[in-house]
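A.B. asks: Let me give you the structure first, and then I'll get to my questions.
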Amino acid sequence: MLSPVKIWRNQKYIAKRLNRTGKILSWSFVRVPPEGFSEQAPYFIAIVALSKSERICTQVVDVVKTIAIGQKVKTVLRRTIDVSHDGVIPYGIKVKQL
Amino acid sequence: MNIAIQGTGMTQFGERWGLSPRALARDAVQQAIADARIEKKHIQAMYVANMLSGMLGMQGHLGALFAEELGLSIPAYTIEGACASGGLALHTACLSILSGEYETVLVLGVEKMTDHKPEQVSSALMGAGSNEERLAGATFPALYAMLARSHMDTYGTTEKDFASVAVKNHFHASLNPKAQYQKVLSLEQILHSPYVADPLKLLDCSPVTDGAAAVILSKKTTSHGAKIVASQVATDTLGLAERKSLTTLVATAQASQKAISQAGISLSDVDVVEIHDCFTIAEILALEDIGFTKKGEAGDLVTRDAFTLGKAKRTVVNTSGGLKGCGHPVGATGVKQLVEIADQLRGRCAHRQIHDAAVGMTHNVGGTGATVVVHIVKKE
């Protein structure tokens, strides 16, 4: 369950990862989503290297045609999962192609 | 290590809408007790492997629940390690016998998945991944798809290679009366199935399954034909992003190397292995990471029937049909793998029997390789 407290606690990780660039290491295209993501499906997902030691698993948004291993991306702030029962809108890091 | 497999049992795997988790457990355990030729009262402790009951069925406290169902009042524990829960429960049971505390224990793996909507099952399974993966909307097909794409990019593995794993395992499942899908699938059928998470298609994925499997382990030296000679566990990061490599599951390499060393065998001694093929790419990764093939060569070898019953020169892989064809009730899978290997070594596999099988192995994975459990079994 994504509680408001957990959303609040995660804010500090979001701030650290804004305005960064990175490279796609691998990717997939999710056609059958889990609960809370049906409005967004289908969507691209990727493992992105932000630096040598920092990698994230994230969605790739605003994709032009398709994506590929090695493509450059930058981090952006986006809504992640459907709004929780408590009404808090969860935001997080996604990436878009540079 | 020398632990006797006293008896085994497993239910029919599949969509068992008419049966509760209690009924599934009762069926598997009764078979195991009958096979072990013991009485229920001889069981001194019980290890229950399950992943999803708390999340999907709102039922925790499974140790006490299944002890009650079996009419036993003994120490009972729930062991959770995602899809490696079964292997972990077996490992824990082995340790409890080695400790000297118990002589005879029961390991029960049970999972009820088809009662629930697919997206709920998908979300619950993501409990095995990292928080970051859940917030990205990742599913297990998507995570393994990223491993698959990386393998294709690095080694030139193809979607046809992936499909060949499913062809083999469905052929084996067609010979297993307890398998969920007892039918042969052609390469074309698999390649033409719809994409779930590119490059993985529907028929690259193991199904959602109800089922239970049970094993009675004993410290007695006179077992009923099979004994566990190695039991090893390794762990890695929960999330894929934290891994150094996206083409190797390091925990598979670590657990299998330790198990081979513990058993005092070489890999070429292994006649039969149950590999954790939750997705077709998972079997290719495991064949390479355990060391049955060099890195990057497994796909081609599977395509050329190198691990198929009746055609393999050496090790046959997933005679049960694997997770792909036999089904994948996640908490039960690790226990079912041991049931299949014990049955092979005891010559009880009828149409899918390997002639003179003497050494077997199980490879059970939780998540995308965050937990790996390997057992080695010898004929006695």
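Residue numbering restarts at 1 in every chain; chains get A, B, ... in the order shown in the structure tokens, and ligands count up from 1 in that same order.
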Name the residues in contact with range 284-290 of chain B at a cut-off of 9 Å, using only C-alpha atoms, excluding same-chain residues fewer than 6 positions from it; report them as a list in words.

C.D. replies: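 Returned residues: Leu147, Ala148, His151, Asp161, Phe162, Val165, Thr247, Thr248, Leu249, Val250, Ala251, Thr252, Ala253, Gln254, Ala255, Ser256, Gln257, Leu267, Ile275, His276, Asp277, Gly296, Glu297, Ala298, Gly299, Val302 and His363 of chain B.
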
A.B. asks: What are the closest atom pairs, with distances in Å to one decimal, for all residues of chain B lying within 8 Å of chain A? Consider only C-alpha atoms, order rows by chain and residue number, and present the result as JSON lines.

C.D. replies:
```
{"residue": "B:Glu119", "atom": "CA", "partner": "A:Pro34", "partner_atom": "CA", "distance": 4.8}
{"residue": "B:Gln120", "atom": "CA", "partner": "A:Glu35", "partner_atom": "CA", "distance": 6.0}
{"residue": "B:Ser122", "atom": "CA", "partner": "A:Pro34", "partner_atom": "CA", "distance": 5.4}
{"residue": "B:Ser123", "atom": "CA", "partner": "A:Pro34", "partner_atom": "CA", "distance": 5.1}
{"residue": "B:Glu132", "atom": "CA", "partner": "A:Cys57", "partner_atom": "CA", "distance": 6.5}
{"residue": "B:Glu133", "atom": "CA", "partner": "A:Cys57", "partner_atom": "CA", "distance": 5.8}
{"residue": "B:Leu135", "atom": "CA", "partner": "A:Thr80", "partner_atom": "CA", "distance": 6.1}
{"residue": "B:Ala136", "atom": "CA", "partner": "A:Thr58", "partner_atom": "CA", "distance": 4.9}
{"residue": "B:Gly137", "atom": "CA", "partner": "A:Phe37", "partner_atom": "CA", "distance": 6.3}
{"residue": "B:Ala138", "atom": "CA", "partner": "A:Ile45", "partner_atom": "CA", "distance": 7.1}
{"residue": "B:Thr139", "atom": "CA", "partner": "A:Pro34", "partner_atom": "CA", "distance": 6.5}
{"residue": "B:Ala142", "atom": "CA", "partner": "A:Ser28", "partner_atom": "CA", "distance": 5.9}
{"residue": "B:Leu143", "atom": "CA", "partner": "A:Ser28", "partner_atom": "CA", "distance": 7.9}
{"residue": "B:Ala145", "atom": "CA", "partner": "A:Ser28", "partner_atom": "CA", "distance": 6.0}
{"residue": "B:Met146", "atom": "CA", "partner": "A:Trp27", "partner_atom": "CA", "distance": 5.2}
{"residue": "B:Leu147", "atom": "CA", "partner": "A:Ser26", "partner_atom": "CA", "distance": 7.5}
{"residue": "B:Arg149", "atom": "CA", "partner": "A:Ser26", "partner_atom": "CA", "distance": 6.4}
{"residue": "B:Ser150", "atom": "CA", "partner": "A:Ser26", "partner_atom": "CA", "distance": 5.8}
{"residue": "B:Tyr195", "atom": "CA", "partner": "A:Arg31", "partner_atom": "CA", "distance": 7.4}
{"residue": "B:Val196", "atom": "CA", "partner": "A:Arg31", "partner_atom": "CA", "distance": 5.4}
{"residue": "B:Ala197", "atom": "CA", "partner": "A:Val30", "partner_atom": "CA", "distance": 4.6}
{"residue": "B:Asp198", "atom": "CA", "partner": "A:Ser28", "partner_atom": "CA", "distance": 5.3}
{"residue": "B:Pro199", "atom": "CA", "partner": "A:Ser28", "partner_atom": "CA", "distance": 7.0}
{"residue": "B:Leu240", "atom": "CA", "partner": "A:Cys57", "partner_atom": "CA", "distance": 7.6}
{"residue": "B:Ala241", "atom": "CA", "partner": "A:Ile56", "partner_atom": "CA", "distance": 5.2}
{"residue": "B:Glu242", "atom": "CA", "partner": "A:Arg55", "partner_atom": "CA", "distance": 6.3}
```

A.B. asks: Would you return as a ChimeraX atom specification the members of range 100-321 of chain B that DSSP assigns to helix (DSSP H, G or I) on this structure's backbone?

C.D. replies: /B:118-128,131-135,140-155,159-173,187-191,202-204,250-263,267-269,280-290,298-303

A.B. asks: Just checking: using only C-alpha atoms, which residue out of B:Ser218, B:Ser73, B:Ser85, B:Ser53 ends up closest to Ala124 in chain B?

C.D. replies: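 Answer, going by the shortest atom-to-atom distance: B:Ser53.
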
A.B. asks: When you draw a straight line from CA of Lys378 in chain B to CA of Ile228 in chain B, how long is it in Å?

C.D. replies: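 Value for the CA of Lys378 in chain B-CA of Ile228 in chain B distance: 6.5 Å.
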
A.B. asks: For each of B:Ile216, B:Ala89, B:Val377, B:Leu338, take the minimum atom-to-atom distance to Ala36 in chain B, counting only C-alpha atoms, then give the residue where this is smallest.

C.D. replies: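 Of B:Ile216, B:Ala89, B:Val377, B:Leu338, the one nearest Ala36 in chain B is B:Ile216, counting only C-alpha atoms.
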
A.B. asks: CA of Gln232 in chain B and CA of Leu90 in chain B, how far apart in Å?

C.D. replies: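 CA of Leu90 in chain B sits 10.1 Å away from CA of Gln232 in chain B.
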
A.B. asks: Skipping near chain neighbours, those fewer than 4 positions away, what residues fall within 7 Å of Gln353 in chain B using only C-alpha atoms, listed as a list of chain:residue names?

C.D. replies: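 Returned residues: B:Gln344, B:Gly347, B:Cys349.
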
A.B. asks: For the selection just defined, write its residues with N, CA, C and O atoms to a file, as a compact mmCIF listing (two decimals), in the first residue's frame.

C.D. replies:
```
# COMPACT_ATOMS: atom_id res chain seq x y z
N GLN B 344 12.21 -38.92 -10.66
CA GLN B 344 13.11 -39.37 -11.73
C GLN B 344 14.13 -40.38 -11.19
O GLN B 344 14.37 -41.42 -11.80
N GLY B 347 12.70 -43.70 -10.53
CA GLY B 347 12.16 -44.39 -11.71
C GLY B 347 10.64 -44.40 -11.78
O GLY B 347 10.04 -45.36 -12.24
N CYS B 349 8.68 -41.95 -13.32
CA CYS B 349 8.18 -40.90 -14.22
C CYS B 349 7.58 -41.43 -15.52
O CYS B 349 7.32 -40.64 -16.44
```

A.B. asks: Using backbone DSSP assignments, extract all strand (DSSP E or B) residues from range 44-90 of chain A; output them as a list of chain:residue names.

C.D. replies: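 Answer for range 44-90 of chain A restricted to strand (DSSP E or B) is A:Phe44, A:Ile45, A:Ala46, A:Ile47, A:Val48, A:Ala49, A:Arg55, A:Ile56, A:Cys57, A:Thr58, A:Gln59, A:Val60, A:Val61, A:Lys72, A:Val73, A:Lys74, A:Thr75, A:Val76, A:Leu77, A:Arg78, A:Arg79.
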
A.B. asks: Export C-alpha atoms of the chosen residues as a PDB file, in the first residue's frame?

C.D. replies:
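Below is the file that was written, result.pdb:
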```pdb
ATOM      1  CA  PHE A  44       7.976   1.937 -22.129  1.00  0.00           C
ATOM      2  CA  ILE A  45      10.085   0.907 -19.150  1.00  0.00           C
ATOM      3  CA  ALA A  46      13.879   0.925 -18.910  1.00  0.00           C
ATOM      4  CA  ILE A  47      16.956   0.442 -16.790  1.00  0.00           C
ATOM      5  CA  VAL A  48      18.808   3.754 -17.035  1.00  0.00           C
ATOM      6  CA  ALA A  49      22.371   4.535 -15.951  1.00  0.00           C
ATOM      7  CA  ARG A  55      21.087   3.031 -12.110  1.00  0.00           C
ATOM      8  CA  ILE A  56      17.327   3.300 -11.946  1.00  0.00           C
ATOM      9  CA  CYS A  57      14.316   1.359 -13.190  1.00  0.00           C
ATOM     10  CA  THR A  58      11.856   3.841 -14.619  1.00  0.00           C
ATOM     11  CA  GLN A  59       9.254   4.616 -17.280  1.00  0.00           C
ATOM     12  CA  VAL A  60      10.260   6.350 -20.495  1.00  0.00           C
ATOM     13  CA  VAL A  61       7.640   8.972 -21.457  1.00  0.00           C
ATOM     14  CA  LYS A  72      20.454   9.394 -24.030  1.00  0.00           C
ATOM     15  CA  VAL A  73      17.636  10.442 -21.702  1.00  0.00           C
ATOM     16  CA  LYS A  74      16.922  13.081 -19.034  1.00  0.00           C
ATOM     17  CA  THR A  75      14.956  12.746 -15.806  1.00  0.00           C
ATOM     18  CA  VAL A  76      11.551  14.441 -15.415  1.00  0.00           C
ATOM     19  CA  LEU A  77       8.943  14.662 -12.630  1.00  0.00           C
ATOM     20  CA  ARG A  78       5.723  12.774 -13.427  1.00  0.00           C
ATOM     21  CA  ARG A  79       2.768  11.149 -11.712  1.00  0.00           C
TER      22      ARG A  79
END
```

A.B. asks: Tell me, as a compact mmCIF listing (two decimals) with N, CA and C atoms, in the first residue's frame, which residues lie within 8 Å of Leu217 in chain B, counting only C-alpha atoms; anything in the same chain fewer than 3 positions away does not count.

C.D. replies:
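selection-v9.txt, written as the output of this step:
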```txt
# COMPACT_ATOMS: atom_id res chain seq x y z
N ILE B 3 20.47 -36.29 3.52
CA ILE B 3 19.12 -36.25 4.08
C ILE B 3 18.18 -37.04 3.17
N ALA B 4 17.51 -38.00 3.76
CA ALA B 4 16.66 -38.89 2.96
C ALA B 4 15.36 -38.21 2.54
N ILE B 5 15.01 -38.41 1.28
CA ILE B 5 13.67 -37.99 0.82
C ILE B 5 12.77 -39.20 1.05
N GLN B 6 12.01 -39.11 2.12
CA GLN B 6 11.23 -40.27 2.58
C GLN B 6 9.95 -40.46 1.76
N GLY B 7 9.36 -39.34 1.33
CA GLY B 7 8.13 -39.45 0.55
C GLY B 7 7.82 -38.14 -0.14
N ALA B 93 14.32 -26.81 6.27
CA ALA B 93 13.99 -28.14 6.81
C ALA B 93 15.25 -29.01 6.93
N CYS B 94 16.11 -28.93 5.90
CA CYS B 94 17.38 -29.68 5.96
C CYS B 94 18.20 -29.25 7.17
N THR B 104 12.24 -36.33 11.48
CA THR B 104 11.32 -36.38 10.34
C THR B 104 10.52 -35.09 10.26
N VAL B 105 10.62 -34.41 9.12
CA VAL B 105 9.89 -33.14 8.97
C VAL B 105 9.16 -33.11 7.64
N LEU B 106 8.14 -32.23 7.60
CA LEU B 106 7.32 -32.09 6.39
C LEU B 106 7.57 -30.70 5.77
N VAL B 107 7.78 -30.68 4.46
CA VAL B 107 7.84 -29.41 3.74
C VAL B 107 6.64 -29.36 2.81
```

A.B. asks: Report, in Å to a single decimal, how far apart CA of Ala263 in chain B and CA of Pro75 in chain B are.

C.D. replies: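 Answer for the CA of Pro75 in chain B to CA of Ala263 in chain B separation: 29.3 Å.
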
A.B. asks: Which neighbours of Ser164 in chain B fall inside 12 Å, counting only C-alpha atoms, when residues of the same chain fewer than 4 positions from it are skipped, and could you give them as a CSV table (one decimal) with C-alpha atoms, in the first residue's frame?

C.D. replies:
```
chain,number,residue,atom,x,y,z
B,157,THR,CA,20.2,-14.4,-28.8
B,158,THR,CA,16.9,-14.5,-30.8
B,159,GLU,CA,13.2,-14.6,-30.1
B,160,LYS,CA,13.3,-18.0,-31.8
B,168,LYS,CA,10.9,-28.2,-25.2
B,169,ASN,CA,9.1,-27.7,-21.9
B,170,HIS,CA,5.6,-28.1,-23.4
B,171,PHE,CA,6.8,-31.3,-25.0
B,184,VAL,CA,2.7,-29.8,-27.4
B,185,LEU,CA,3.2,-26.3,-28.8
B,186,SER,CA,4.8,-25.5,-32.1
B,187,LEU,CA,7.6,-22.9,-32.6
B,188,GLU,CA,5.1,-20.9,-34.8
B,189,GLN,CA,2.4,-20.9,-32.2
B,190,ILE,CA,4.8,-19.5,-29.6
B,191,LEU,CA,6.3,-16.9,-32.0
B,203,LEU,CA,3.8,-18.1,-24.5
B,204,ASP,CA,7.3,-17.1,-23.2
B,279,PHE,CA,10.1,-17.1,-18.5
B,280,THR,CA,12.0,-18.7,-21.4
B,281,ILE,CA,14.9,-16.3,-21.0
B,283,GLU,CA,16.1,-21.0,-18.5
B,284,ILE,CA,18.7,-19.7,-21.0
B,298,ALA,CA,22.4,-21.8,-24.4
B,299,GLY,CA,19.8,-20.5,-26.9
B,300,ASP,CA,21.4,-22.2,-29.8
B,301,LEU,CA,21.8,-25.4,-27.9
B,302,VAL,CA,18.2,-25.5,-26.8
B,303,THR,CA,17.2,-24.9,-30.4
B,304,ARG,CA,19.2,-28.0,-31.4
B,305,ASP,CA,17.5,-30.2,-28.7
B,306,ALA,CA,20.6,-30.5,-26.5
B,307,PHE,CA,18.4,-30.7,-23.4
B,308,THR,CA,15.3,-32.5,-24.7
B,324,LYS,CA,6.3,-23.1,-18.3
```

A.B. asks: Could you pull the residues within 8 Å of Gln71 in chain A, counting only C-alpha atoms, minus those fewer than 6 positions along the same chain, as a ChimeraX atom specification?

C.D. replies: /A:23-24,97

A.B. asks: As a list in words, please: the residues near Ala350 in chain B (cut-off 12 Å, only C-alpha atoms, same-chain neighbours under 2 positions excluded).

C.D. replies: His172, Leu175, Asn176, Pro177, Thr319, Ser320, Glu340, Asp343, Gln344, Leu345, Arg346, Gly347, Arg348, Arg352, Gln353, Ile354 and His355 of chain B

A.B. asks: Using all heavy atoms, can you export the residues from the last selection as a CSV table (one decimal), in the first residue's frame?

C.D. replies:
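Result saved to out24.csv:
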```csv
chain,number,residue,atom,x,y,z
B,172,HIS,N,7.8,-31.8,-22.8
B,172,HIS,CA,7.9,-32.6,-21.6
B,172,HIS,C,6.6,-32.6,-20.8
B,172,HIS,O,6.2,-33.6,-20.3
B,172,HIS,CB,9.0,-32.0,-20.7
B,172,HIS,CG,10.4,-32.2,-21.3
B,172,HIS,ND1,11.5,-31.5,-20.9
B,172,HIS,CD2,10.8,-33.0,-22.3
B,172,HIS,CE1,12.6,-31.9,-21.6
B,172,HIS,NE2,12.2,-32.7,-22.5
B,175,LEU,N,3.9,-35.1,-21.4
B,175,LEU,CA,4.1,-36.4,-20.9
B,175,LEU,C,3.9,-36.5,-19.4
B,175,LEU,O,4.2,-37.5,-18.8
B,175,LEU,CB,5.6,-36.9,-21.2
B,175,LEU,CG,6.0,-36.8,-22.7
B,175,LEU,CD1,7.5,-37.0,-22.9
B,175,LEU,CD2,5.2,-37.8,-23.5
B,176,ASN,N,3.5,-35.4,-18.8
B,176,ASN,CA,3.3,-35.3,-17.3
B,176,ASN,C,1.8,-35.1,-17.0
B,176,ASN,O,1.2,-34.1,-17.2
B,176,ASN,CB,4.1,-34.1,-16.8
B,176,ASN,CG,4.0,-34.0,-15.3
B,176,ASN,OD1,3.3,-34.8,-14.6
B,176,ASN,ND2,4.7,-33.0,-14.7
B,177,PRO,N,1.2,-36.2,-16.5
B,177,PRO,CA,-0.3,-36.1,-16.2
B,177,PRO,C,-0.7,-35.1,-15.2
B,177,PRO,O,-1.8,-34.8,-15.0
B,177,PRO,CB,-0.6,-37.6,-15.7
B,177,PRO,CG,0.7,-38.2,-15.4
B,177,PRO,CD,1.8,-37.5,-16.2
B,319,THR,N,12.1,-32.0,-17.1
B,319,THR,CA,11.3,-33.1,-17.5
B,319,THR,C,9.8,-33.0,-17.0
B,319,THR,O,8.9,-33.5,-17.6
B,319,THR,CB,11.8,-34.5,-17.0
B,319,THR,OG1,12.0,-34.4,-15.6
B,319,THR,CG2,13.1,-34.8,-17.6
B,320,SER,N,9.6,-32.2,-16.0
B,320,SER,CA,8.2,-32.0,-15.5
B,320,SER,C,7.4,-31.2,-16.5
B,320,SER,O,6.2,-31.1,-16.4
B,320,SER,CB,8.2,-31.3,-14.1
B,320,SER,OG,8.6,-30.0,-14.3
B,340,GLU,N,9.8,-33.8,-8.5
B,340,GLU,CA,10.1,-34.3,-9.9
B,340,GLU,C,11.5,-35.0,-9.9
B,340,GLU,O,11.6,-36.1,-10.5
B,340,GLU,CB,10.1,-33.2,-10.9
B,340,GLU,CG,10.5,-33.5,-12.3
B,340,GLU,CD,9.5,-34.4,-13.0
B,340,GLU,OE1,8.3,-34.6,-12.5
B,340,GLU,OE2,9.8,-35.0,-14.1
B,343,ASP,N,11.3,-38.3,-8.1
B,343,ASP,CA,10.6,-39.3,-8.9
B,343,ASP,C,11.4,-39.8,-10.0
B,343,ASP,O,11.4,-41.0,-10.4
B,343,ASP,CB,9.3,-38.6,-9.5
B,343,ASP,CG,8.2,-38.5,-8.4
B,343,ASP,OD1,8.3,-39.1,-7.3
B,343,ASP,OD2,7.1,-37.9,-8.7
B,344,GLN,N,12.2,-38.9,-10.7
B,344,GLN,CA,13.1,-39.4,-11.7
B,344,GLN,C,14.1,-40.4,-11.2
B,344,GLN,O,14.4,-41.4,-11.8
B,344,GLN,CB,13.8,-38.2,-12.4
B,344,GLN,CG,13.0,-37.4,-13.3
B,344,GLN,CD,12.8,-38.1,-14.7
B,344,GLN,OE1,13.4,-39.1,-14.9
B,344,GLN,NE2,11.9,-37.5,-15.5
B,345,LEU,N,14.7,-40.1,-10.0
B,345,LEU,CA,15.8,-40.9,-9.5
B,345,LEU,C,15.2,-42.2,-9.0
B,345,LEU,O,15.9,-43.3,-8.9
B,345,LEU,CB,16.5,-40.2,-8.4
B,345,LEU,CG,17.2,-38.9,-8.7
B,345,LEU,CD1,18.1,-38.4,-7.6
B,345,LEU,CD2,18.1,-39.1,-10.0
B,346,ARG,N,13.9,-42.2,-8.7
B,346,ARG,CA,13.2,-43.4,-8.2
B,346,ARG,C,12.5,-44.2,-9.3
B,346,ARG,O,11.8,-45.2,-9.1
B,346,ARG,CB,12.2,-43.1,-7.1
B,346,ARG,CG,12.9,-42.5,-5.8
B,346,ARG,CD,11.9,-41.8,-4.9
B,346,ARG,NE,11.0,-42.8,-4.2
B,346,ARG,CZ,9.9,-42.4,-3.6
B,346,ARG,NH1,9.5,-41.2,-3.5
B,346,ARG,NH2,9.2,-43.4,-3.0
B,347,GLY,N,12.7,-43.7,-10.5
B,347,GLY,CA,12.2,-44.4,-11.7
B,347,GLY,C,10.6,-44.4,-11.8
B,347,GLY,O,10.0,-45.4,-12.2
B,348,ARG,N,10.0,-43.3,-11.3
B,348,ARG,CA,8.6,-43.3,-11.3
B,348,ARG,C,7.9,-42.3,-12.3
B,348,ARG,O,6.8,-41.9,-12.1
B,348,ARG,CB,8.1,-42.9,-9.8
B,348,ARG,CG,8.7,-43.7,-8.8
B,348,ARG,CD,8.0,-43.7,-7.5
B,348,ARG,NE,7.7,-42.3,-7.0
B,348,ARG,CZ,6.9,-42.1,-6.0
B,348,ARG,NH1,6.4,-43.1,-5.3
B,348,ARG,NH2,6.8,-40.9,-5.5
B,352,ARG,N,8.0,-40.0,-19.2
B,352,ARG,CA,9.1,-39.0,-19.3
B,352,ARG,C,10.3,-39.4,-18.5
B,352,ARG,O,11.1,-38.6,-18.1
B,352,ARG,CB,8.5,-37.6,-18.8
B,352,ARG,CG,8.1,-37.6,-17.4
B,352,ARG,CD,7.5,-36.2,-17.0
B,352,ARG,NE,7.5,-36.0,-15.6
B,352,ARG,CZ,6.6,-36.6,-14.8
B,352,ARG,NH1,5.7,-37.4,-15.3
B,352,ARG,NH2,6.6,-36.4,-13.5
B,353,GLN,N,10.4,-40.7,-18.2
B,353,GLN,CA,11.5,-41.2,-17.3
B,353,GLN,C,12.8,-41.2,-18.1
B,353,GLN,O,12.9,-41.6,-19.3
B,353,GLN,CB,11.1,-42.7,-16.9
B,353,GLN,CG,12.2,-43.3,-16.1
B,353,GLN,CD,12.4,-42.6,-14.7
B,353,GLN,OE1,11.4,-42.3,-14.0
B,353,GLN,NE2,13.6,-42.4,-14.3
B,354,ILE,N,13.8,-40.7,-17.4
B,354,ILE,CA,15.2,-40.8,-18.0
B,354,ILE,C,15.8,-42.1,-17.5
B,354,ILE,O,15.8,-42.5,-16.3
B,354,ILE,CB,16.0,-39.6,-17.4
B,354,ILE,CG1,15.4,-38.3,-17.9
B,354,ILE,CG2,17.5,-39.8,-17.9
B,354,ILE,CD1,16.0,-37.1,-17.2
B,355,HIS,N,16.3,-42.8,-18.5
B,355,HIS,CA,16.9,-44.2,-18.2
B,355,HIS,C,18.1,-44.0,-17.2
B,355,HIS,O,19.0,-43.3,-17.4
B,355,HIS,CB,17.4,-44.8,-19.5
B,355,HIS,CG,17.9,-46.2,-19.2
B,355,HIS,ND1,17.1,-47.2,-18.7
B,355,HIS,CD2,19.1,-46.7,-19.5
B,355,HIS,CE1,17.8,-48.3,-18.6
B,355,HIS,NE2,19.1,-48.1,-19.1
```
